[in-house]
file upload-v1.csv (CSV, C-alpha atoms and all ligand atoms)
chain,number,residue,atom,x,y,z
A,1,MET,CA,-17.5,-32.2,68.3
A,2,LYS,CA,-16.0,-32.0,71.8
A,3,ALA,CA,-13.4,-29.4,72.5
A,4,ILE,CA,-11.7,-27.7,75.4
A,5,VAL,CA,-13.0,-24.1,75.2
A,6,TYR,CA,-12.0,-20.9,77.1
A,7,THR,CA,-14.0,-17.7,76.7
A,8,LYS,CA,-11.9,-15.6,79.2
A,9,TYR,CA,-8.3,-15.4,80.2
A,10,GLY,CA,-7.3,-16.9,83.5
A,11,PRO,CA,-6.1,-20.0,85.3
A,12,PRO,CA,-6.6,-23.5,84.0
A,13,ASP,CA,-10.1,-23.5,85.7
A,14,VAL,CA,-11.4,-21.4,82.8
A,15,LEU,CA,-10.9,-24.4,80.4
A,16,HIS,CA,-14.2,-26.4,79.9
A,17,LEU,CA,-15.1,-29.4,77.8
A,18,GLU,CA,-17.9,-28.3,75.4
A,19,GLU,CA,-19.8,-29.4,72.4
A,20,VAL,CA,-18.9,-27.1,69.5
A,21,LYS,CA,-19.3,-27.0,65.7
A,22,LYS,CA,-17.0,-29.3,63.8
A,23,PRO,CA,-14.6,-27.1,61.7
A,24,ALA,CA,-15.3,-26.7,58.0
A,25,ILE,CA,-12.5,-26.9,55.4
A,26,ASN,CA,-11.8,-24.8,52.3
A,27,GLU,CA,-10.2,-26.2,49.2
A,28,ASP,CA,-6.7,-25.8,50.6
A,29,GLN,CA,-7.4,-27.5,53.9
A,30,MET,CA,-7.8,-30.9,55.4
A,31,LEU,CA,-10.0,-32.0,58.2
A,32,VAL,CA,-8.0,-34.0,60.7
A,33,LYS,CA,-9.4,-36.2,63.4
A,34,VAL,CA,-7.2,-35.5,66.4
A,35,HIS,CA,-5.9,-38.5,68.4
A,36,ALA,CA,-3.4,-36.6,70.6
A,37,ALA,CA,-2.2,-33.1,71.3
A,38,SER,CA,0.5,-31.7,73.6
A,39,ILE,CA,0.9,-28.7,75.8
A,40,ASN,CA,3.4,-26.0,75.1
A,41,THR,CA,4.4,-22.8,77.0
A,42,SER,CA,2.7,-20.8,74.2
A,43,ASP,CA,-0.6,-22.4,75.1
A,44,TRP,CA,-0.1,-21.4,78.7
A,45,HIS,CA,0.7,-17.8,77.7
A,46,LEU,CA,-2.4,-17.6,75.6
A,47,LEU,CA,-4.5,-19.1,78.4
A,48,LYS,CA,-3.5,-16.5,80.9
A,49,ALA,CA,-2.7,-13.6,78.5
A,50,ASP,CA,0.5,-13.4,80.5
A,51,PRO,CA,2.7,-11.4,80.0
A,52,PHE,CA,0.4,-8.5,79.4
A,53,PRO,CA,1.6,-7.7,75.9
A,54,MET,CA,0.2,-11.1,74.9
A,55,ARG,CA,-3.2,-9.2,74.8
A,56,LEU,CA,-1.8,-6.9,72.1
A,57,ILE,CA,0.1,-9.4,69.9
A,58,GLY,CA,-1.8,-12.6,70.9
A,59,ASN,CA,-5.4,-13.7,70.9
A,60,GLY,CA,-7.5,-10.6,71.6
A,61,PHE,CA,-7.3,-7.7,74.1
A,62,PHE,CA,-10.3,-8.3,76.4
A,63,LYS,CA,-11.1,-12.0,75.7
A,64,PRO,CA,-9.7,-14.8,73.5
A,65,LYS,CA,-10.7,-14.6,69.8
A,66,ASN,CA,-9.7,-18.2,69.2
A,67,THR,CA,-11.4,-20.1,72.0
A,68,ILE,CA,-9.7,-23.4,71.5
A,69,LEU,CA,-6.0,-23.8,72.4
A,70,GLY,CA,-3.5,-26.4,71.3
A,71,VAL,CA,-0.9,-26.3,68.5
A,72,ASP,CA,0.8,-29.7,68.5
A,73,VAL,CA,-1.4,-32.3,66.9
A,74,ALA,CA,-1.3,-35.9,65.7
A,75,GLY,CA,-4.3,-37.6,64.1
A,76,CYS,CA,-5.8,-39.0,60.9
A,77,VAL,CA,-6.9,-37.1,57.8
A,78,GLU,CA,-10.7,-37.4,57.5
A,79,ALA,CA,-11.4,-35.2,54.5
A,80,ILE,CA,-9.3,-33.1,52.1
A,81,GLY,CA,-10.0,-29.9,50.0
A,82,ARG,CA,-9.6,-30.3,46.3
A,83,ASN,CA,-6.2,-28.5,46.2
A,84,VAL,CA,-4.6,-30.8,48.7
A,85,THR,CA,-2.1,-33.1,47.0
A,86,GLN,CA,0.2,-34.5,49.7
A,87,PHE,CA,-2.3,-36.4,51.8
A,88,LYS,CA,-5.4,-38.6,51.4
A,89,PRO,CA,-8.2,-39.5,53.9
A,90,GLY,CA,-6.9,-42.1,56.3
A,91,ASP,CA,-3.3,-40.9,56.4
A,92,ALA,CA,-1.8,-40.5,59.9
A,93,VAL,CA,-0.3,-37.1,60.3
A,94,PHE,CA,1.4,-34.8,62.8
A,95,GLY,CA,2.4,-31.2,63.0
A,96,ASP,CA,2.4,-27.7,64.5
A,97,ILE,CA,-0.7,-25.7,63.7
A,98,PHE,CA,0.4,-22.4,65.3
A,99,GLY,CA,-0.5,-19.7,62.9
A,100,PHE,CA,-3.3,-21.7,61.4
A,101,GLY,CA,-5.9,-21.0,64.0
A,102,SER,CA,-4.6,-23.5,66.6
A,103,GLY,CA,-7.3,-25.6,68.3
A,104,SER,CA,-5.9,-29.1,68.7
A,105,PHE,CA,-7.5,-29.6,72.2
A,106,ALA,CA,-10.5,-30.8,70.2
A,107,GLU,CA,-11.8,-33.8,68.3
A,108,TYR,CA,-11.1,-32.2,64.9
A,109,VAL,CA,-9.0,-29.4,63.4
A,110,SER,CA,-8.9,-28.0,59.9
A,111,VAL,CA,-5.4,-27.1,58.6
A,112,PRO,CA,-3.5,-26.5,55.4
A,113,GLU,CA,-1.4,-29.5,54.3
A,114,SER,CA,1.8,-27.4,54.7
A,115,ALA,CA,1.4,-27.6,58.5
A,116,LEU,CA,1.6,-31.3,58.6
A,117,ALA,CA,3.7,-34.4,57.7
A,118,LYS,CA,3.0,-38.1,57.7
A,119,LYS,CA,3.3,-39.5,61.2
A,120,PRO,CA,6.3,-41.8,61.7
A,121,SER,CA,4.9,-45.3,61.7
A,122,ASN,CA,7.1,-46.5,64.6
A,123,ILE,CA,5.7,-44.1,67.2
A,124,SER,CA,2.3,-43.6,68.8
A,125,PHE,CA,0.0,-40.7,68.2
A,126,GLU,CA,0.8,-39.5,71.7
A,127,GLU,CA,4.6,-39.5,70.9
A,128,ALA,CA,4.0,-37.8,67.5
A,129,ALA,CA,1.9,-35.1,69.2
A,130,ALA,CA,4.8,-34.5,71.7
A,131,ALA,CA,7.3,-33.6,69.0
A,132,PRO,CA,6.5,-30.8,66.5
A,133,VAL,CA,7.0,-27.6,68.5
A,134,ALA,CA,9.6,-28.8,71.0
A,135,ALA,CA,11.7,-30.7,68.5
A,136,VAL,CA,11.6,-28.1,65.8
A,137,THR,CA,12.5,-25.4,68.4
A,138,ALA,CA,15.5,-27.5,69.6
A,139,LEU,CA,16.6,-28.2,66.0
A,140,GLN,CA,16.4,-24.5,64.9
A,141,GLY,CA,18.2,-23.4,68.1
A,142,LEU,CA,21.0,-25.9,67.7
A,143,ARG,CA,21.4,-25.9,63.9
A,144,ASP,CA,20.2,-22.5,62.6
A,145,GLN,CA,21.4,-20.3,65.5
A,146,GLY,CA,24.0,-22.5,67.1
A,147,HIS,CA,25.6,-23.9,63.9
A,148,ILE,CA,26.1,-27.2,65.6
A,149,GLN,CA,28.9,-29.5,64.3
A,150,SER,CA,30.0,-33.0,65.1
A,151,GLY,CA,32.5,-33.3,67.9
A,152,GLN,CA,31.5,-30.0,69.5
A,153,LYS,CA,31.0,-29.7,73.3
A,154,ILE,CA,27.5,-28.5,73.9
A,155,LEU,CA,25.8,-27.5,77.1
A,156,ILE,CA,22.0,-27.7,77.4
A,157,ASN,CA,20.5,-25.9,80.4
A,158,GLY,CA,17.0,-27.1,81.2
A,159,ALA,CA,17.6,-30.5,79.5
A,160,SER,CA,14.8,-32.4,81.1
A,161,GLY,CA,11.7,-30.6,79.7
A,162,GLY,CA,9.9,-30.7,76.4
A,163,VAL,CA,12.5,-28.7,74.4
A,164,GLY,CA,15.5,-29.9,76.4
A,165,THR,CA,14.9,-33.7,75.9
A,166,PHE,CA,14.7,-33.2,72.2
A,167,ALA,CA,17.8,-30.9,72.2
A,168,VAL,CA,19.9,-33.5,74.0
A,169,GLN,CA,18.9,-36.2,71.4
A,170,ILE,CA,19.3,-33.9,68.3
A,171,ALA,CA,22.7,-32.7,69.5
A,172,LYS,CA,23.7,-36.4,69.9
A,173,ALA,CA,22.4,-37.1,66.4
A,174,TYR,CA,24.7,-34.4,65.1
A,175,GLY,CA,27.6,-36.1,66.9
A,176,ALA,CA,28.1,-33.6,69.7
A,177,GLU,CA,29.4,-34.2,73.2
A,178,VAL,CA,26.5,-33.2,75.4
A,179,THR,CA,26.5,-31.8,78.9
A,180,ALA,CA,22.9,-31.6,80.3
A,181,VAL,CA,21.8,-29.5,83.3
A,182,CYS,CA,18.8,-30.8,85.2
A,183,SER,CA,17.7,-31.7,88.8
A,184,THR,CA,18.5,-34.9,90.7
A,185,ARG,CA,15.3,-36.7,89.7
A,186,ASN,CA,16.0,-36.3,86.0
A,187,VAL,CA,19.7,-37.3,85.9
A,188,LYS,CA,19.1,-40.9,84.9
A,189,MET,CA,16.5,-39.9,82.3
A,190,VAL,CA,18.9,-37.4,80.5
A,191,GLN,CA,21.6,-40.0,80.6
A,192,SER,CA,19.3,-42.5,79.1
A,193,ILE,CA,18.6,-40.2,76.1
A,194,GLY,CA,22.3,-39.7,75.5
A,195,ALA,CA,23.8,-37.0,77.7
A,196,ASP,CA,27.5,-37.6,78.1
A,197,HIS,CA,27.8,-35.5,81.2
A,198,VAL,CA,25.2,-34.2,83.7
A,199,PHE,CA,25.2,-31.3,86.1
A,200,ASP,CA,22.6,-31.6,88.8
A,201,TYR,CA,21.6,-28.0,89.4
A,202,THR,CA,20.3,-28.8,92.9
A,203,ILE,CA,23.8,-29.9,94.0
A,204,GLU,CA,26.3,-28.0,92.0
A,205,ASP,CA,26.1,-24.5,90.8
A,206,PHE,CA,26.0,-23.9,87.1
A,207,PRO,CA,29.3,-25.3,85.6
A,208,GLN,CA,31.9,-22.8,86.8
A,209,ASN,CA,34.7,-25.2,86.7
A,210,GLY,CA,36.5,-23.5,83.8
A,211,GLN,CA,35.0,-25.9,81.3
A,212,GLN,CA,34.1,-24.1,78.1
A,213,TYR,CA,31.5,-25.1,75.5
A,214,ASP,CA,31.2,-24.5,71.7
A,215,LEU,CA,27.5,-24.1,72.0
A,216,ILE,CA,25.2,-23.4,75.0
A,217,LEU,CA,21.4,-23.8,74.6
A,218,ALA,CA,19.6,-22.0,77.4
A,219,VAL,CA,16.2,-23.7,77.5
A,220,ASN,CA,15.3,-23.3,81.1
A,221,GLY,CA,16.9,-22.1,84.4
A,222,TYR,CA,18.5,-18.8,84.9
A,223,GLN,CA,22.1,-17.6,84.7
A,224,PRO,CA,23.3,-14.1,83.9
A,225,LEU,CA,24.5,-13.6,80.4
A,226,SER,CA,28.0,-12.9,81.7
A,227,VAL,CA,28.1,-16.4,83.3
A,228,TYR,CA,27.1,-18.0,80.0
A,229,LYS,CA,29.6,-15.9,78.1
A,230,ARG,CA,32.5,-17.0,80.3
A,231,ALA,CA,31.5,-20.6,79.7
A,232,LEU,CA,31.9,-20.2,75.9
A,233,THR,CA,35.0,-21.1,73.9
A,234,PRO,CA,36.5,-18.1,72.1
A,235,GLN,CA,34.3,-18.8,69.0
A,236,GLY,CA,31.4,-20.2,71.0
A,237,ILE,CA,27.7,-19.5,70.6
A,238,TYR,CA,25.0,-19.0,73.2
A,239,VAL,CA,21.4,-19.5,72.1
A,240,PHE,CA,18.6,-18.4,74.3
A,241,VAL,CA,15.4,-20.5,73.9
A,242,GLY,CA,13.2,-19.6,76.9
A,243,GLY,CA,12.8,-18.1,80.3
A,244,LEU,CA,11.3,-15.3,82.3
A,245,PRO,CA,10.5,-11.9,80.6
A,246,ASN,CA,13.7,-10.3,82.0
A,247,GLN,CA,15.8,-13.1,80.5
A,248,ILE,CA,14.1,-12.6,77.2
A,249,PHE,CA,14.8,-8.9,77.4
A,250,GLN,CA,18.5,-9.5,78.3
A,251,SER,CA,19.0,-12.0,75.5
A,252,LEU,CA,17.3,-9.8,72.9
A,253,PHE,CA,18.9,-6.5,73.8
A,254,LEU,CA,22.1,-7.2,75.7
A,255,GLY,CA,23.0,-10.3,73.8
A,256,PRO,CA,23.9,-8.6,70.6
A,257,LEU,CA,25.9,-5.9,72.5
A,258,MET,CA,27.9,-8.6,74.3
A,259,SER,CA,28.6,-10.5,71.0
A,260,LYS,CA,32.0,-10.0,69.3
A,261,SER,CA,32.1,-9.8,65.5
A,262,ASN,CA,34.8,-12.4,65.4
A,263,GLY,CA,34.3,-14.1,68.7
A,264,ARG,CA,31.7,-15.3,71.2
A,265,LYS,CA,28.1,-14.8,70.0
A,266,MET,CA,25.0,-14.4,72.2
A,267,THR,CA,21.8,-14.9,70.3
A,268,SER,CA,18.3,-16.4,70.6
A,269,VAL,CA,15.9,-18.6,68.6
A,270,MET,CA,12.3,-18.0,67.7
A,271,LYS,CA,10.8,-21.2,66.3
A,272,LYS,CA,9.4,-20.8,62.8
A,273,ALA,CA,7.2,-23.8,62.0
A,274,ASN,CA,7.8,-25.2,58.5
A,275,GLN,CA,7.2,-28.4,56.7
A,276,LYS,CA,10.9,-29.0,55.8
A,277,ASP,CA,12.0,-29.0,59.4
A,278,LEU,CA,9.0,-31.1,60.4
A,279,LEU,CA,10.1,-33.7,57.8
A,280,PHE,CA,13.7,-33.5,59.2
A,281,ILE,CA,12.3,-34.3,62.6
A,282,ARG,CA,10.1,-37.1,61.2
A,283,ASP,CA,13.2,-38.7,59.7
A,284,LEU,CA,15.0,-38.5,63.0
A,285,LEU,CA,12.0,-40.1,64.8
A,286,GLU,CA,11.6,-42.8,62.1
A,287,SER,CA,15.3,-43.7,62.3
A,288,GLY,CA,15.0,-44.0,66.1
A,289,LYS,CA,17.7,-41.3,66.6
A,290,ILE,CA,15.3,-39.3,68.7
A,291,LYS,CA,12.4,-40.5,70.8
A,292,PRO,CA,9.8,-38.3,72.5
A,293,ILE,CA,9.9,-38.4,76.3
A,294,ILE,CA,6.4,-38.2,77.7
A,295,ASP,CA,5.8,-37.3,81.3
A,296,GLU,CA,2.1,-38.0,81.4
A,297,CYS,CA,-0.9,-38.4,79.1
A,298,TYR,CA,-4.2,-36.8,80.2
A,299,PRO,CA,-7.6,-37.4,78.6
A,300,LEU,CA,-9.2,-34.4,76.8
A,301,ASN,CA,-11.7,-33.8,79.7
A,302,LYS,CA,-8.8,-33.5,82.1
A,303,THR,CA,-7.0,-30.8,80.1
A,304,ALA,CA,-7.3,-28.2,82.9
A,305,GLU,CA,-5.6,-30.7,85.2
A,306,ALA,CA,-2.8,-31.2,82.6
A,307,PHE,CA,-2.3,-27.4,82.5
A,308,ARG,CA,-2.1,-27.3,86.3
A,309,TYR,CA,0.6,-29.9,86.2
A,310,PHE,CA,2.4,-28.2,83.3
A,311,GLU,CA,2.5,-24.8,84.9
A,312,LYS,CA,4.4,-26.0,87.9
A,313,GLY,CA,7.4,-26.0,85.4
A,314,HIS,CA,8.8,-29.4,86.2
A,315,ALA,CA,7.4,-31.7,83.5
A,316,ARG,CA,9.8,-34.5,82.6
A,317,GLY,CA,9.6,-34.2,78.8
A,318,LYS,CA,6.1,-33.5,77.4
A,319,VAL,CA,2.6,-33.4,78.8
A,320,VAL,CA,0.2,-34.9,76.3
A,321,ILE,CA,-3.6,-34.8,75.8
A,322,THR,CA,-5.2,-37.9,74.4
A,323,ILE,CA,-8.4,-37.5,72.5
A,324,ALA,CA,-10.0,-40.9,72.9
A,325,GLU,CA,-13.3,-42.4,71.8
A,326,GLN,CA,-14.5,-43.2,75.3
A,327,GLU,CA,-14.8,-39.6,76.2
A,328,LYS,CA,-17.8,-39.1,73.9
B,1,LIG,N1,12.1,-19.7,71.4
B,1,LIG,C1,11.1,-20.5,71.0
B,1,LIG,O1,10.7,-20.4,69.8
B,1,LIG,C2,10.5,-21.4,72.0
B,1,LIG,C3,9.7,-22.5,71.6
B,1,LIG,C4,9.2,-23.3,72.5
B,1,LIG,C5,9.4,-23.1,73.9
B,1,LIG,N2,10.2,-22.0,74.2
B,1,LIG,C6,10.5,-21.8,75.6
B,1,LIG,O2,11.4,-22.7,76.1
B,1,LIG,C7,11.3,-22.9,77.5
B,1,LIG,C8,11.2,-24.4,77.8
B,1,LIG,O3,10.1,-24.9,77.2
B,1,LIG,P1,9.7,-26.4,77.5
B,1,LIG,O4,8.5,-26.8,76.7
B,1,LIG,O5,10.9,-27.3,77.4
B,1,LIG,O6,9.3,-26.3,79.0
B,1,LIG,P2,9.0,-27.4,80.1
B,1,LIG,O7,8.8,-28.7,79.4
B,1,LIG,O8,7.8,-26.9,80.9
B,1,LIG,O9,10.3,-27.4,81.0
B,1,LIG,C9,10.2,-28.1,82.2
B,1,LIG,C10,11.6,-28.6,82.6
B,1,LIG,O10,12.4,-27.5,83.0
B,1,LIG,C11,13.3,-27.9,84.0
B,1,LIG,N3,13.7,-26.8,84.8
B,1,LIG,C12,12.9,-26.1,85.6
B,1,LIG,N4,13.7,-25.2,86.3
B,1,LIG,C13,15.0,-25.4,86.0
B,1,LIG,C14,16.2,-24.8,86.3
B,1,LIG,N5,16.3,-23.9,87.2
B,1,LIG,N6,17.3,-25.3,85.7
B,1,LIG,C15,17.3,-26.3,84.8
B,1,LIG,N7,16.1,-26.9,84.4
B,1,LIG,C16,15.0,-26.4,85.0
B,1,LIG,C17,12.4,-28.9,84.7
B,1,LIG,O11,13.3,-29.8,85.3
B,1,LIG,P3,13.4,-30.1,86.9
B,1,LIG,O12,12.0,-30.6,87.3
B,1,LIG,O13,14.5,-31.0,87.1
B,1,LIG,O14,13.6,-28.7,87.5
B,1,LIG,C18,11.5,-29.5,83.7
B,1,LIG,O15,12.0,-30.8,83.3
B,1,LIG,C19,10.0,-22.1,77.9
B,1,LIG,O16,10.4,-20.9,78.5
B,1,LIG,C20,9.3,-21.8,76.6
B,1,LIG,O17,8.6,-20.6,76.6
B,1,LIG,C21,10.7,-21.2,73.3

call {"tool": "encode", "arguments": {"input": "upload-v1.csv", "output": "structure tokens"}}
result
Amino acid sequence: MKAIVYTKYGPPDVLHLEEVKKPAINEDQMLVKVHAASINTSDWHLLKADPFPMRLIGNGFFKPKNTILGVDVAGCVEAIGRNVTQFKPGDAVFGDIFGFGSGSFAEYVSVPESALAKKPSNISFEEAAAAPVAAVTALQGLRDQGHIQSGQKILINGASGGVGTFAVQIAKAYGAEVTAVCSTRNVKMVQSIGADHVFDYTIEDFPQNGQQYDLILAVNGYQPLSVYKRALTPQGIYVFVGGLPNQIFQSLFLGPLMSKSNGRKMTSVMKKANQKDLLFIRDLLESGKIKPIIDECYPLNKTAEAFRYFEKGHARGKVVITIAEQEK
């Protein structure tokens, strides 16, 4: 099969289209023919082994052990192991295969059934591949850490990227009043997916107008924790999703110290892929309550180019890789 392979850490130039062995399946796995995949920041970290501790906890110290990146996947089941009960050959599926060897920037992946769900029939493979990691992260940030409730005022910083566009829509699906922070070129897009109010961070500073929020989801952009804390209602919750290493450090270590046992809480989310949440997201997609926003689709042989675009940090929604027949 064809796959995008990397044998050393580095910039997107180290990604090459190669012919590799089709993966085998064991009795608990399925072989999935990949139709589309999408890029996540975790792929980028694994590509570059950046930050350095990624070499210790990630994919090998000197060179990558798993040589094919990609965790979001959408495709069709081609073969099943004898213990697989939920799917049959021909089923269209999607999911997050992080923790199962990754490798969705390829024509085939082998995965256990628990990583996948049936693809919603009303969306394309590209849209399905855009959803698992970003939507489940947004869901777990809002619901599990943020305890989102209908009628709450919610601020989403970094609302126009992969996680942010799902966060806006999931928060609206929960009945929240959403304020989105993004740049000028994305204002109309975040309004179109439901944001009630928009702050353009290139014109106005982060909301310092005294407005307070029940929940702040910090997906992108930087503000000191003290600024976020001031913008919370007395019982408000701040949830850190992503940012630079110093922001991760602050949120993990200072956040708990700044939290009050009976008041404002500063916490973070670490996405844990599971089939229950994937099914929850599938229902939202199928009901049309959320819709993946795709910036651009690149063919498999242009994956390096897709990474170059993604690493600029200004994708509008998701960057998708299409694994199409004509590339053979
Ligand atoms: N905690 C977890 O489990 C988890 C899971 C997945 C991802 N993450 C993290 O979440 C973060 C976002 O991931 P993603 O996939 O959504 O990234 P992404 O799609 O690459 O985000 C790009 C978006 O960020 C916006 N942005 C850039 N600078 C901004 C700023 N200063 N203020 C507000 N928005 C800004 C850009 O909008 P403009 O072009 O308008 O600037 C663009 O739309 C990453 O740090 C990632 O590592 C965490």

call {"tool": "residues_near_ligand", "arguments": {"input": "upload-v1.csv", "ligand": "ligand LIG 1 (chain B)", "cutoff": "8 Å", "atoms": "only C-alpha atoms and all ligand atoms", "output": "mmCIF file with C-alpha atoms, in the frame of the given file"}}
result
data_model
loop_
_atom_site.group_PDB
_atom_site.id
_atom_site.type_symbol
_atom_site.label_atom_id
_atom_site.label_comp_id
_atom_site.auth_asym_id
_atom_site.auth_seq_id
_atom_site.Cartn_x
_atom_site.Cartn_y
_atom_site.Cartn_z
ATOM 1 C CA ILE A 39 0.900 -28.700 75.800
ATOM 2 C CA ASN A 40 3.400 -26.000 75.100
ATOM 3 C CA THR A 41 4.400 -22.800 77.000
ATOM 4 C CA SER A 42 2.700 -20.800 74.200
ATOM 5 C CA VAL A 133 7.000 -27.600 68.500
ATOM 6 C CA ALA A 134 9.600 -28.800 71.000
ATOM 7 C CA THR A 137 12.500 -25.400 68.400
ATOM 8 C CA ALA A 138 15.500 -27.500 69.600
ATOM 9 C CA GLY A 141 18.200 -23.400 68.100
ATOM 10 C CA ASN A 157 20.500 -25.900 80.400
ATOM 11 C CA GLY A 158 17.000 -27.100 81.200
ATOM 12 C CA ALA A 159 17.600 -30.500 79.500
ATOM 13 C CA SER A 160 14.800 -32.400 81.100
ATOM 14 C CA GLY A 161 11.700 -30.600 79.700
ATOM 15 C CA GLY A 162 9.900 -30.700 76.400
ATOM 16 C CA VAL A 163 12.500 -28.700 74.400
ATOM 17 C CA GLY A 164 15.500 -29.900 76.400
ATOM 18 C CA THR A 165 14.900 -33.700 75.900
ATOM 19 C CA VAL A 181 21.800 -29.500 83.300
ATOM 20 C CA CYS A 182 18.800 -30.800 85.200
ATOM 21 C CA SER A 183 17.700 -31.700 88.800
ATOM 22 C CA THR A 184 18.500 -34.900 90.700
ATOM 23 C CA ARG A 185 15.300 -36.700 89.700
ATOM 24 C CA ASN A 186 16.000 -36.300 86.000
ATOM 25 C CA TYR A 201 21.600 -28.000 89.400
ATOM 26 C CA VAL A 219 16.200 -23.700 77.500
ATOM 27 C CA ASN A 220 15.300 -23.300 81.100
ATOM 28 C CA GLY A 221 16.900 -22.100 84.400
ATOM 29 C CA TYR A 222 18.500 -18.800 84.900
ATOM 30 C CA PHE A 240 18.600 -18.400 74.300
ATOM 31 C CA VAL A 241 15.400 -20.500 73.900
ATOM 32 C CA GLY A 242 13.200 -19.600 76.900
ATOM 33 C CA GLY A 243 12.800 -18.100 80.300
ATOM 34 C CA LEU A 244 11.300 -15.300 82.300
ATOM 35 C CA SER A 268 18.300 -16.400 70.600
ATOM 36 C CA VAL A 269 15.900 -18.600 68.600
ATOM 37 C CA MET A 270 12.300 -18.000 67.700
ATOM 38 C CA LYS A 271 10.800 -21.200 66.300
ATOM 39 C CA LYS A 272 9.400 -20.800 62.800
ATOM 40 C CA PHE A 310 2.400 -28.200 83.300
ATOM 41 C CA GLU A 311 2.500 -24.800 84.900
ATOM 42 C CA LYS A 312 4.400 -26.000 87.900
ATOM 43 C CA GLY A 313 7.400 -26.000 85.400
ATOM 44 C CA HIS A 314 8.800 -29.400 86.200
ATOM 45 C CA ALA A 315 7.400 -31.700 83.500
ATOM 46 C CA ARG A 316 9.800 -34.500 82.600
ATOM 47 C CA GLY A 317 9.600 -34.200 78.800
ATOM 48 C CA LYS A 318 6.100 -33.500 77.400
ATOM 49 C CA VAL A 319 2.600 -33.400 78.800
#

call {"tool": "residues_around", "arguments": {"input": "upload-v1.csv", "residues": "Ala3 of chain A", "least_positions_apart": "5", "cutoff": "9 Å", "atoms": "all atoms listed in the file", "output": "VMD selection string"}}
result
chain A and resid 16 to 20 68 103 to 108 300 to 301

call {"tool": "closest_residue", "arguments": {"input": "upload-v1.csv", "among": "A:Gln149, A:Gln29, A:Ser102, A:Ser192", "to": "Lys291 of chain A", "atoms": "all atoms listed in the file"}}
result
A:Ser192

call {"tool": "residues_around", "arguments": {"input": "upload-v1.csv", "residues": "Gly99 of chain A", "least_positions_apart": "6", "cutoff": "10 Å", "atoms": "all atoms listed in the file", "output": "list in words"}}
result
Val71, Val111, Ala115, Lys272 and Ala273 of chain A

call {"tool": "write_last_selection", "arguments": {"input": "upload-v1.csv", "atoms": "C-alpha atoms", "output": "compact mmCIF listing (two decimals), in the coordinates of the input"}}
result
# COMPACT_ATOMS: atom_id res chain seq x y z
CA VAL A 71 -0.90 -26.30 68.50
CA VAL A 111 -5.40 -27.10 58.60
CA ALA A 115 1.40 -27.60 58.50
CA LYS A 272 9.40 -20.80 62.80
CA ALA A 273 7.20 -23.80 62.00

call {"tool": "atom_distance", "arguments": {"input": "upload-v1.csv", "atom1": "atom CA of Tyr213 of chain A", "atom2": "atom CA of Pro245 of chain A"}}
result
25.3 Å

call {"tool": "closest_residue", "arguments": {"input": "upload-v1.csv", "among": "A:Ile216, A:Ala79, A:Val73, A:Leu252", "to": "Asp96 of chain A", "atoms": "all atoms listed in the file"}}
result
A:Val73

call {"tool": "atom_distance", "arguments": {"input": "upload-v1.csv", "atom1": "atom CA of Gly70 of chain A", "atom2": "atom CA of Ser38 of chain A"}}
result
7.0 Å

call {"tool": "residues_near_point", "arguments": {"input": "upload-v1.csv", "point": "(24.0, -24.9, 67.0)", "cutoff": "9 Å", "atoms": "all atoms listed in the file", "output": "list in words"}}
result
Leu139, Gln140, Gly141, Leu142, Arg143, Asp144, Gln145, Gly146, His147, Ile148, Gln149, Ile154, Ala171, Asp214, Leu215, Ile216, Leu217, Ile237, Tyr238 and Val239 of chain A

call {"tool": "write_last_selection", "arguments": {"input": "upload-v1.csv", "atoms": "C-alpha atoms", "output": "PDB file, in the frame of the given file"}}
result
ATOM      1  CA  LEU A 139      16.600 -28.200  66.000  1.00  0.00           C
ATOM      2  CA  GLN A 140      16.400 -24.500  64.900  1.00  0.00           C
ATOM      3  CA  GLY A 141      18.200 -23.400  68.100  1.00  0.00           C
ATOM      4  CA  LEU A 142      21.000 -25.900  67.700  1.00  0.00           C
ATOM      5  CA  ARG A 143      21.400 -25.900  63.900  1.00  0.00           C
ATOM      6  CA  ASP A 144      20.200 -22.500  62.600  1.00  0.00           C
ATOM      7  CA  GLN A 145      21.400 -20.300  65.500  1.00  0.00           C
ATOM      8  CA  GLY A 146      24.000 -22.500  67.100  1.00  0.00           C
ATOM      9  CA  HIS A 147      25.600 -23.900  63.900  1.00  0.00           C
ATOM     10  CA  ILE A 148      26.100 -27.200  65.600  1.00  0.00           C
ATOM     11  CA  GLN A 149      28.900 -29.500  64.300  1.00  0.00           C
ATOM     12  CA  ILE A 154      27.500 -28.500  73.900  1.00  0.00           C
ATOM     13  CA  ALA A 171      22.700 -32.700  69.500  1.00  0.00           C
ATOM     14  CA  ASP A 214      31.200 -24.500  71.700  1.00  0.00           C
ATOM     15  CA  LEU A 215      27.500 -24.100  72.000  1.00  0.00           C
ATOM     16  CA  ILE A 216      25.200 -23.400  75.000  1.00  0.00           C
ATOM     17  CA  LEU A 217      21.400 -23.800  74.600  1.00  0.00           C
ATOM     18  CA  ILE A 237      27.700 -19.500  70.600  1.00  0.00           C
ATOM     19  CA  TYR A 238      25.000 -19.000  73.200  1.00  0.00           C
ATOM     20  CA  VAL A 239      21.400 -19.500  72.100  1.00  0.00           C
TER      21      VAL A 239
END

call {"tool": "closest_residue", "arguments": {"input": "upload-v1.csv", "among": "A:Ala36, A:Leu284, A:Val5, A:Val198", "to": "Lys65 of chain A", "atoms": "all atoms listed in the file"}}
result
A:Val5

call {"tool": "closest_residue", "arguments": {"input": "upload-v1.csv", "among": "A:Gly95, A:Gly194, A:Lys48, A:Ala218", "to": "Lys119 of chain A", "atoms": "all atoms listed in the file"}}
result
A:Gly95

call {"tool": "residues_around", "arguments": {"input": "upload-v1.csv", "residues": "Asp91 of chain A", "least_positions_apart": "6", "cutoff": "10 Å", "atoms": "all atoms listed in the file", "output": "VMD selection string"}}
result
chain A and resid 32 75 to 78 117 to 119
